[in-house]
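Peer 1: The following file, input_35.txt, comprises compact mmCIF, C-alpha atoms:
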```txt
# COMPACT_ATOMS: atom_id res chain seq x y z
CA MET F 919 111.55 61.35 124.66
CA SER F 920 108.70 58.97 125.06
CA LYS F 921 105.34 59.77 123.65
CA GLN F 922 101.93 59.66 125.14
CA VAL F 923 99.80 57.18 123.29
CA LYS F 924 96.13 56.87 122.96
CA ALA F 925 94.79 53.52 124.05
CA LYS F 926 91.77 53.38 121.85
CA SER F 927 92.54 53.39 118.18
CA GLY F 928 89.31 52.13 116.60
CA GLY F 929 87.56 54.85 114.63
CA ASP F 930 90.58 57.08 115.08
CA HIS F 931 91.08 57.57 111.36
CA PHE F 932 87.55 58.77 111.01
CA THR F 933 87.99 61.32 113.80
CA ARG F 934 91.22 62.58 112.30
CA TRP F 935 89.72 63.12 108.87
CA LEU F 936 86.68 64.69 110.45
CA VAL F 937 88.88 67.19 112.27
CA ILE F 938 90.99 67.92 109.17
CA GLY F 939 87.78 68.37 107.21
CA MET F 940 86.39 70.79 109.78
CA VAL F 941 89.58 72.83 109.79
CA ALA F 942 89.51 72.95 105.99
CA LEU F 943 85.87 73.99 106.08
CA VAL F 944 86.57 76.85 108.51
CA VAL F 945 89.49 78.05 106.39
CA ILE F 946 87.59 77.85 103.09
CA THR F 947 84.52 79.60 104.49
CA GLY F 948 86.76 82.25 105.97
CA VAL F 949 88.61 82.85 102.71
CA VAL F 950 85.36 83.18 100.79
CA PHE F 951 84.05 85.60 103.41
CA SER F 952 87.27 87.63 103.33
CA ILE F 953 87.41 87.83 99.54
CA MET F 954 83.78 88.84 99.35
CA SER F 955 84.15 91.58 101.91
CA SER F 956 87.18 93.06 100.12
CA THR F 957 85.46 92.86 96.73
CA ASN F 958 82.51 94.70 98.19
CA LYS F 959 84.75 97.42 99.46
CA ALA F 960 86.42 97.71 96.06
CA ASN F 961 83.07 98.03 94.33
CA GLU F 962 82.02 100.72 96.77
CA SER F 963 85.01 102.84 95.87
CA PHE F 964 84.12 102.60 92.18
CA THR F 965 80.78 104.27 92.78
CA ALA F 966 82.70 107.48 93.48
CA LEU F 967 83.67 107.47 89.79
CA LYS F 968 80.12 107.36 88.49
CA ASN F 969 79.33 110.31 86.23
CA TYR F 970 82.96 111.39 86.24
CA PRO F 971 83.21 114.44 83.98
CA LEU F 972 86.00 113.59 81.53
CA GLY F 973 88.20 116.63 80.82
CA ALA F 974 89.49 117.71 77.44
CA GLN F 975 92.47 115.86 76.02
CA VAL F 976 95.91 117.11 77.01
CA ALA F 977 98.84 115.88 74.96
CA GLY F 978 101.79 114.59 76.95
CA THR F 979 105.28 113.49 75.99
CA ILE F 980 107.86 111.45 77.82
CA ASP F 981 111.07 113.43 78.19
CA PRO F 982 114.16 111.27 78.75
CA ALA F 983 116.08 114.43 79.66
CA GLN F 984 113.76 114.97 82.63
CA GLY F 985 113.92 111.59 84.27
CA SER F 986 111.51 110.15 81.66
CA GLY F 987 108.76 112.19 83.29
CA LEU F 988 105.48 112.82 81.48
CA VAL F 989 105.51 116.46 80.36
CA LEU F 990 102.18 118.23 80.01
CA ASN F 991 101.92 121.70 78.52
CA PRO F 992 105.64 122.36 77.91
CA GLY F 993 107.10 125.85 77.71
CA ALA F 994 105.09 127.65 80.40
CA ASN F 995 106.71 130.10 82.79
CA VAL F 996 106.41 127.84 85.79
CA LYS F 997 107.41 124.20 85.80
CA ILE F 998 106.20 121.82 88.48
CA ASP F 999 107.69 118.35 88.90
CA LEU F 1000 105.52 115.91 90.83
CA TRP F 1001 106.96 112.63 92.06
CA GLU F 1002 104.18 110.39 93.27
CA ASP F 1003 103.30 106.74 93.75
CA PRO F 1004 99.71 105.77 92.91
CA GLN F 1005 99.46 103.85 96.18
CA CYS F 1006 101.00 106.48 98.43
CA PRO F 1007 98.39 107.77 100.87
CA ILE F 1008 100.08 111.16 101.41
CA CYS F 1009 100.09 111.69 97.64
CA ARG F 1010 96.35 111.29 97.85
CA THR F 1011 96.24 113.98 100.54
CA PHE F 1012 98.29 116.24 98.28
CA GLU F 1013 95.99 115.50 95.35
CA GLU F 1014 92.91 116.24 97.42
CA SER F 1015 94.13 119.63 98.52
CA ASN F 1016 95.96 120.76 95.38
CA GLY F 1017 94.87 118.51 92.52
CA ALA F 1018 92.15 120.81 91.24
CA TYR F 1019 94.50 123.81 91.22
CA ILE F 1020 97.18 121.87 89.34
CA ASP F 1021 94.64 120.66 86.78
CA GLU F 1022 93.60 124.24 86.23
CA LEU F 1023 97.23 125.34 85.80
CA VAL F 1024 97.67 122.75 83.06
CA ARG F 1025 94.36 123.28 81.33
CA THR F 1026 94.74 127.05 81.24
CA LYS F 1027 98.39 126.62 80.15
CA LYS F 1028 99.74 128.54 83.11
CA ALA F 1029 102.26 125.91 84.10
CA THR F 1030 104.23 122.99 82.74
CA LEU F 1031 103.64 119.82 84.69
CA VAL F 1032 106.10 116.94 84.76
CA TYR F 1033 104.64 113.81 86.30
CA HIS F 1034 106.96 111.14 87.62
CA VAL F 1035 104.82 108.15 88.46
CA LEU F 1036 106.84 106.06 90.84
CA SER F 1037 106.17 102.45 91.66
CA PHE F 1038 108.37 101.54 94.62
CA LEU F 1039 105.40 100.48 96.73
CA GLY F 1040 105.07 97.21 94.86
CA ASP F 1041 103.49 95.34 91.98
CA GLU F 1042 100.22 97.17 92.25
CA SER F 1043 101.96 100.52 91.90
CA ILE F 1044 103.72 99.25 88.78
CA ARG F 1045 100.41 98.20 87.26
CA ALA F 1046 98.69 101.45 88.21
CA ALA F 1047 101.61 103.52 86.89
CA ASN F 1048 101.53 101.56 83.64
CA ALA F 1049 97.80 102.21 83.26
CA ALA F 1050 98.34 105.91 83.98
CA MET F 1051 100.91 106.08 81.19
CA CYS F 1052 98.46 104.28 78.89
CA ALA F 1053 95.88 106.95 79.74
CA ALA F 1054 98.50 109.58 78.90
CA ASP F 1055 98.69 108.14 75.37
CA GLU F 1056 94.96 108.75 75.10
CA GLY F 1057 95.44 112.33 76.29
CA HIS F 1058 93.72 111.69 79.59
CA TYR F 1059 96.54 111.40 82.09
CA LEU F 1060 95.08 114.10 84.34
CA ASP F 1061 91.72 112.36 84.53
CA PHE F 1062 93.16 108.93 85.16
CA HIS F 1063 95.58 110.29 87.73
CA LYS F 1064 92.74 111.95 89.59
CA ALA F 1065 90.62 108.78 89.41
CA LEU F 1066 93.47 106.66 90.81
CA TYR F 1067 93.56 108.80 93.92
CA ILE F 1068 89.77 108.89 94.23
CA VAL F 1069 89.61 105.10 94.39
CA GLN F 1070 92.92 104.53 96.17
CA PRO F 1071 92.41 101.85 98.82
CA ALA F 1072 93.49 102.62 102.37
CA LEU F 1073 96.10 99.90 102.19
CA GLU F 1074 98.98 99.28 99.86
CA ASN F 1075 99.07 96.07 97.81
CA SER F 1076 95.69 94.93 99.05
CA GLY F 1077 94.81 93.41 95.69
CA PHE F 1078 92.93 96.40 94.34
CA PHE F 1079 95.06 97.67 91.46
CA THR F 1080 94.66 94.65 89.24
CA GLY F 1081 94.42 94.69 85.44
CA PRO F 1082 90.62 94.27 85.41
CA ASN F 1083 90.09 96.94 88.09
CA LEU F 1084 92.35 99.40 86.26
CA LEU F 1085 90.36 98.79 83.07
CA LYS F 1086 87.22 99.36 85.09
CA ILE F 1087 88.56 102.72 86.28
CA GLY F 1088 89.29 103.61 82.65
CA GLY F 1089 85.81 102.46 81.74
CA TYR F 1090 84.20 104.85 84.22
CA LEU F 1091 86.15 107.70 82.65
CA GLY F 1092 85.21 106.62 79.15
CA LEU F 1093 88.62 105.18 78.23
CA LYS F 1094 87.51 102.07 76.41
CA SER F 1095 89.58 102.12 73.23
CA LYS F 1096 91.40 99.00 72.15
CA SER F 1097 94.76 100.77 72.36
CA PHE F 1098 94.12 101.63 76.03
CA THR F 1099 92.84 98.16 76.89
CA ASP F 1100 95.77 96.45 75.20
CA CYS F 1101 98.25 98.81 76.80
CA VAL F 1102 96.90 98.12 80.31
CA THR F 1103 96.58 94.37 79.82
CA LYS F 1104 100.00 93.91 78.26
CA GLY F 1105 101.80 96.30 80.57
CA SER F 1106 103.15 98.06 77.47
CA LYS F 1107 104.56 101.00 79.42
CA ALA F 1108 106.83 98.91 81.63
CA ASP F 1109 109.93 100.61 80.20
CA VAL F 1110 108.71 104.12 80.95
CA VAL F 1111 107.54 103.12 84.41
CA LYS F 1112 110.92 101.62 85.19
CA ALA F 1113 112.80 104.58 83.75
CA GLN F 1114 110.80 106.99 85.92
CA GLU F 1115 111.50 104.91 88.99
CA ASP F 1116 115.20 104.59 88.13
CA ALA F 1117 115.52 108.38 87.84
CA MET F 1118 114.87 108.83 91.58
CA PRO F 1119 118.51 108.89 92.72
CA THR F 1120 119.50 111.31 89.93
CA TYR F 1121 117.04 113.85 91.30
CA LYS F 1122 117.67 112.88 94.93
CA VAL F 1123 114.06 111.88 95.38
CA THR F 1124 113.73 109.52 98.35
CA GLY F 1125 110.02 109.64 99.09
CA THR F 1126 106.64 110.68 97.80
CA PRO F 1127 105.16 113.09 97.19
CA THR F 1128 108.18 115.16 96.23
CA ILE F 1129 107.49 118.42 94.47
CA PHE F 1130 109.88 120.66 92.59
CA ILE F 1131 108.86 124.14 91.49
CA ASN F 1132 111.14 125.36 88.71
CA ASN F 1133 113.59 122.59 89.62
CA LYS F 1134 113.70 123.77 93.21
CA LEU F 1135 112.55 121.38 95.94
CA TRP F 1136 109.38 122.66 97.57
CA VAL F 1137 109.67 122.37 101.33
CA ARG F 1138 106.25 122.67 102.83
CA LYS F 1139 105.67 124.24 106.20
CA SER F 1140 102.11 123.00 106.72
CA SER F 1141 101.49 119.40 107.59
CA ASN F 1142 98.52 119.00 105.27
CA PHE F 1143 99.72 120.56 102.03
CA ASP F 1144 97.93 123.83 102.67
CA PRO F 1145 96.57 124.88 99.24
CA VAL F 1146 97.27 128.55 99.94
CA GLU F 1147 100.88 127.83 100.78
CA PHE F 1148 101.29 125.76 97.62
CA ARG F 1149 99.62 128.37 95.43
CA LEU F 1150 101.89 131.09 96.79
CA ALA F 1151 104.95 128.93 96.20
CA VAL F 1152 103.89 128.28 92.60
CA GLU F 1153 103.14 131.93 91.96
CA ALA F 1154 106.49 132.93 93.42
CA GLY F 1155 108.05 130.46 90.95
CA MET B 551 113.40 66.78 135.01
CA ASN B 552 111.69 63.58 133.96
CA ALA B 553 110.16 63.11 137.38
CA PHE B 554 109.07 66.71 137.38
CA ASN B 555 107.50 66.30 133.99
CA ARG B 556 105.74 63.11 135.03
CA ARG B 557 104.33 64.79 138.07
CA TYR B 558 103.13 68.02 136.43
CA GLN B 559 102.65 67.00 132.80
CA ASN B 560 98.87 67.24 133.13
CA ARG B 561 99.10 70.88 134.06
CA ILE B 562 101.98 71.78 131.76
CA THR B 563 100.07 70.36 128.80
CA PHE B 564 97.02 72.35 129.80
CA LEU B 565 99.00 75.58 130.10
CA ALA B 566 100.78 74.88 126.82
CA ARG B 567 97.45 74.36 125.07
CA MET B 568 96.03 77.57 126.48
CA LEU B 569 99.16 79.52 125.56
CA LEU B 570 99.55 78.31 121.98
CA GLY B 571 95.81 78.06 121.37
CA GLY B 572 95.14 81.43 122.93
CA VAL B 573 97.81 83.24 120.94
CA LEU B 574 96.66 81.62 117.68
CA LEU B 575 93.01 82.37 118.37
CA VAL B 576 93.63 86.02 119.28
CA ALA B 577 96.09 86.62 116.45
CA GLY B 578 93.72 84.98 113.97
CA ALA B 579 90.63 86.81 115.15
CA LEU B 580 92.35 90.21 115.08
CA LYS B 581 93.30 89.64 111.44
CA ALA B 582 90.26 87.77 110.17
CA PHE B 583 87.97 90.77 110.24
CA SER B 584 90.26 93.13 108.40
CA PRO B 585 91.11 90.83 105.50
CA ALA B 586 92.48 93.55 103.21
CA LYS B 587 94.96 94.52 105.90
CA ALA B 588 96.03 90.93 106.45
CA ALA B 589 96.44 90.41 102.71
CA SER B 590 98.57 93.50 102.31
CA ALA B 591 100.63 92.54 105.37
CA VAL B 592 101.54 89.22 103.74
CA ALA B 593 102.33 91.03 100.49
CA ALA B 594 104.69 93.33 102.39
CA TYR B 595 107.00 90.37 103.08
CA LYS B 596 107.61 90.26 99.31
CA ILE B 597 108.15 86.50 99.40
CA LEU B 598 105.15 85.37 97.37
CA PRO B 599 103.80 86.93 94.18
CA THR B 600 101.14 89.49 95.17
CA GLU B 601 98.10 87.43 94.14
CA LEU B 602 99.28 84.35 96.00
CA ALA B 603 100.23 86.48 99.01
CA HIS B 604 96.67 87.78 99.16
CA ILE B 605 95.20 84.27 99.22
CA VAL B 606 97.58 83.36 102.04
CA GLY B 607 96.64 86.59 103.82
CA TYR B 608 92.97 85.68 103.60
CA ALA B 609 93.45 82.04 104.66
CA LEU B 610 96.06 82.29 107.42
CA PRO B 611 93.88 84.04 110.04
CA TRP B 612 91.16 81.40 109.66
CA LEU B 613 93.65 78.57 109.91
CA GLU B 614 94.97 80.17 113.12
CA ILE B 615 91.44 80.41 114.50
CA ALA B 616 90.64 76.79 113.68
CA ILE B 617 93.87 75.45 115.15
CA GLY B 618 93.58 77.71 118.20
CA ALA B 619 90.05 76.48 118.86
CA LEU B 620 91.12 72.82 118.57
CA LEU B 621 93.93 73.39 121.07
CA ILE B 622 91.78 75.21 123.59
CA VAL B 623 88.93 72.71 123.48
CA GLY B 624 91.36 69.84 123.30
CA ILE B 625 90.49 67.93 120.16
CA SER B 626 93.09 66.39 117.88
CA ILE B 627 95.74 68.13 119.92
CA ARG B 628 98.65 66.36 118.29
CA PHE B 629 97.47 67.29 114.80
CA ALA B 630 96.79 70.87 115.92
CA ALA B 631 100.23 71.06 117.53
CA ILE B 632 101.91 69.93 114.31
CA VAL B 633 100.08 72.56 112.25
CA GLY B 634 100.54 75.25 114.91
CA GLY B 635 104.26 74.48 115.18
CA ALA B 636 104.63 74.48 111.40
CA VAL B 637 102.93 77.87 111.21
CA MET B 638 105.34 79.25 113.84
CA ILE B 639 108.37 77.92 111.96
CA LEU B 640 106.96 79.51 108.81
CA PHE B 641 106.66 82.86 110.61
CA ILE B 642 110.22 82.59 111.92
CA ALA B 643 111.51 81.81 108.42
CA ALA B 644 109.55 84.73 106.97
CA ILE B 645 110.92 87.21 109.50
CA ILE B 646 114.49 85.97 109.01
CA SER B 647 114.02 86.31 105.27
CA VAL B 648 112.71 89.87 105.60
CA TRP B 649 115.50 90.79 108.00
CA SER B 650 118.24 89.37 105.79
CA ARG B 651 116.88 91.20 102.76
CA GLY B 652 116.96 94.45 104.72
CA LEU B 653 113.23 95.10 104.44
CA LEU B 654 111.64 97.14 107.19
CA ILE B 655 108.09 95.98 107.82
CA ASP B 656 105.60 95.48 110.58
CA CYS B 657 105.10 91.72 110.86
CA GLY B 658 101.32 92.09 110.93
CA CYS B 659 101.30 89.30 113.49
CA PHE B 660 98.30 90.69 115.35
CA GLY B 661 96.79 92.73 112.54
CA GLY B 662 98.23 95.81 110.88
CA GLY B 663 101.43 95.33 108.92
CA GLY B 664 103.20 96.99 106.03
CA ALA B 665 106.33 98.96 105.31
CA ILE B 666 107.95 101.12 107.96
CA ASP B 667 109.87 104.40 107.75
CA PRO B 668 113.65 103.79 107.33
CA SER B 669 114.44 106.10 110.26
CA LYS B 670 113.07 103.45 112.61
CA ALA B 671 115.47 100.74 111.44
CA ALA B 672 117.03 99.99 114.84
CA ALA B 673 113.66 99.65 116.57
CA VAL B 674 112.37 97.42 113.77
CA HIS B 675 115.37 95.11 114.05
CA ARG B 676 114.82 94.83 117.78
CA THR B 677 111.20 93.94 117.08
CA TYR B 678 112.29 91.26 114.59
CA ALA B 679 114.49 89.64 117.26
CA LEU B 680 111.65 89.71 119.78
CA GLU B 681 109.21 88.25 117.27
CA ILE B 682 111.59 85.45 116.37
CA SER B 683 112.13 84.52 120.03
CA ARG B 684 108.40 84.68 120.72
CA ASP B 685 107.60 82.42 117.78
CA LEU B 686 110.45 80.11 118.76
CA GLY B 687 108.94 79.80 122.24
CA LEU B 688 105.55 79.01 120.73
CA ALA B 689 107.12 76.45 118.39
CA LEU B 690 108.70 74.73 121.40
CA THR B 691 105.32 74.80 123.12
CA ALA B 692 103.89 73.05 120.06
CA LEU B 693 106.70 70.48 120.22
CA TYR B 694 105.86 69.73 123.85
CA LEU B 695 102.21 69.28 122.91
CA TYR B 696 103.23 66.88 120.17
CA PHE B 697 104.88 64.62 122.71
CA PHE B 698 102.40 65.18 125.54
CA PRO B 699 99.04 66.09 124.02
CA TYR B 700 96.81 64.85 126.83
CA GLY B 701 96.30 66.81 130.02
CA LEU B 702 93.72 68.65 132.11
CA PHE B 703 90.39 69.91 130.76
CA SER B 704 90.67 68.30 127.38
CA VAL B 705 87.81 66.79 125.39
CA GLU B 706 90.13 64.18 124.00
CA LYS B 707 91.76 62.00 126.63
CA SER B 708 94.34 59.32 126.67
CA ALA B 709 93.51 56.04 128.40
CA THR B 710 97.00 56.10 129.79
CA THR B 711 97.10 59.69 130.98
CA ASN B 712 100.20 60.64 132.88
CA GLU B 713 101.90 57.41 132.03
CA GLU B 714 104.71 57.21 129.61
CA SER B 715 104.87 54.08 127.58
```
Do you think you could lay out the structure here as structure tokens?

Peer 2:
Amino acid sequence: MSKQVKAKSGGDHFTRWLVIGMVALVVITGVVFSIMSSTNKANESFTALKNYPLGAQVAGTIDPAQGSGLVLNPGANVKIDLWEDPQCPICRTFEESNGAYIDELVRTKKATLVYHVLSFLGDESIRAANAAMCAADEGHYLDFHKALYIVQPALENSGFFTGPNLLKIGGYLGLKSKSFTDCVTKGSKADVVKAQEDAMPTYKVTGTPTIFINNKLWVRKSSNFDPVEFRLAVEAG
Amino acid sequence: MNAFNRRYQNRITFLARMLLGGVLLVAGALKAFSPAKAASAVAAYKILPTELAHIVGYALPWLEIAIGALLIVGISIRFAAIVGGAVMILFIAAIISVWSRGLLIDCGCFGGGGAIDPSKAAAVHRTYALEISRDLGLALTALYLYFFPYGLFSVEKSATTNEES
């Protein structure tokens, strides 16, 4: 195929570089604008954590016999297994309607809670799950878990759950110890996080949130995790 | 074919510029103002490490806007066509990669994006095929513009318009 050619070629180099420069300028300005607007949004969500009332410590242990889940308050009459991903928006809905009740069950020792923090939604879930397990070592899994859902961005893997931001979340709660910081930065809980994720097929968990009450799958009838329905199911055992 | 092209090249080039430029401009603008969404859409392809994917997600919409504007106004058309065509080939490669790895995602081509429910697998695969053919068409449009950049309503003009040399 023959090409069209431009007759005039003087000054052409200048024009070309000018155009390339302009394109680069538009792209760079745009990137800066985009990054700034997402950072702003991230900072806004942190304000929700200001004056967060840190709860009392609750000791947790990882139980390899229960899919490496984090067991809080073992030995109660009712056992609830929660399979969640920190980035899953429906888990946030569940947390909003039932989180306070579950916290109360644990803190008043009325139920055993086994948390399975999944991370199939990507790198950011892995980092958030790791940080949650670090918080568990400090005895503040419940608080950190709640905070993760308070600040959860509307979109998965949007660059929010980074090491520094996770430390910031911990900071708002008052988790500033060196052990916590190191654990988050180094990703020290990678093994546990992976083991929890790998346990999914064993328990036939294919999505989140999945809830078992006394090892029985809870099948909800309401679309929005009706707190009354959940409470009745837990009380029925 | 050659005679046809010689006769109508002016208009074909114009239409090609409007088509490729228009699609790029619209696709870019729809994404540029929801940057977090665009960033997470690129991350959903799981080709680049998350951080790098976010940078690409932030930059790509603006590149599309810049290239689209050049094509519509008609400046540095050949350069814009090369970049536009390269971007299309990149998109095609990305969709093929996602398809072959069995991932189910929304391409995020015009905003949105992310993982999709496995029950919709058949529909998603149909969408992949459509997206690949659409991007292939746009890549061919870019190729045409590479060979015949000068036509109607263009700021930049060739001294030998409509003549092949």

Peer 1: Would you please work out which residue, of F:Thr965, F:Thr1011, F:Asn1142, F:Thr979, is nearest to F:Pro992 when using all atoms listed in the file?

Peer 2: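 Result for the nearest residue to F:Pro992: F:Thr979.
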
Peer 1: Find, counting only C-alpha atoms, the residue in F:Thr1126, F:Gln1114, F:Asn1132, F:Ser1076 that gets nearest to chain B.

Peer 2: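 Smallest distance to chain B is found for F:Ser1076.
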
Peer 1: Could you please tell me, as an MDAnalysis selection string, which residues of chain F have an atom within 10 Å of chain B when using all atoms listed in the file?

Peer 2: chainID F and resid 919:926 933:934 936:938 940:957 959 1039:1042 1071:1078 1080

Peer 1: Restrict the calculation to all atoms listed in the file, then for each residue of stretch 985-1029 of chain F with any atom at most 9 Å from an atom of stretch 1062-1065 of chain F give the closest atom pair and their distance in Å to one decimal, rows by chain and rising residue number, as JSON lines.

Peer 2:
```
{"residue": "F:Pro1004", "atom": "CA", "partner": "F:His1063", "partner_atom": "CA", "distance": 8.0}
{"residue": "F:Glu1013", "atom": "CA", "partner": "F:Lys1064", "partner_atom": "CA", "distance": 7.5}
{"residue": "F:Glu1014", "atom": "CA", "partner": "F:Lys1064", "partner_atom": "CA", "distance": 8.9}
{"residue": "F:Gly1017", "atom": "CA", "partner": "F:Lys1064", "partner_atom": "CA", "distance": 7.5}
```

Peer 1: Write to file, as a PDB file, keeping the file's coordinate frame, the residues of the selection just made, with C-alpha atoms.

Peer 2:
```
ATOM      1  CA  PRO F1004      99.710 105.770  92.910  1.00  0.00           C
ATOM      2  CA  GLU F1013      95.990 115.500  95.350  1.00  0.00           C
ATOM      3  CA  GLU F1014      92.910 116.240  97.420  1.00  0.00           C
ATOM      4  CA  GLY F1017      94.870 118.510  92.520  1.00  0.00           C
TER       5      GLY F1017
END
```

Peer 1: Find the residues around F:Gln975 up to 8 Å (all atoms listed in the file counted), leave out those fewer than 4 positions away in its own chain, and share them as a ChimeraX atom specification.

Peer 2: /F:1056-1058

Peer 1: Quick one: of B:Gly635, B:Val573, B:Tyr558, B:Leu654, who's nearest to B:Arg676, counting only C-alpha atoms?

Peer 2: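 Checking each of B:Gly635, B:Val573, B:Tyr558, B:Leu654 against B:Arg676, counting only C-alpha atoms, the winner is B:Leu654.
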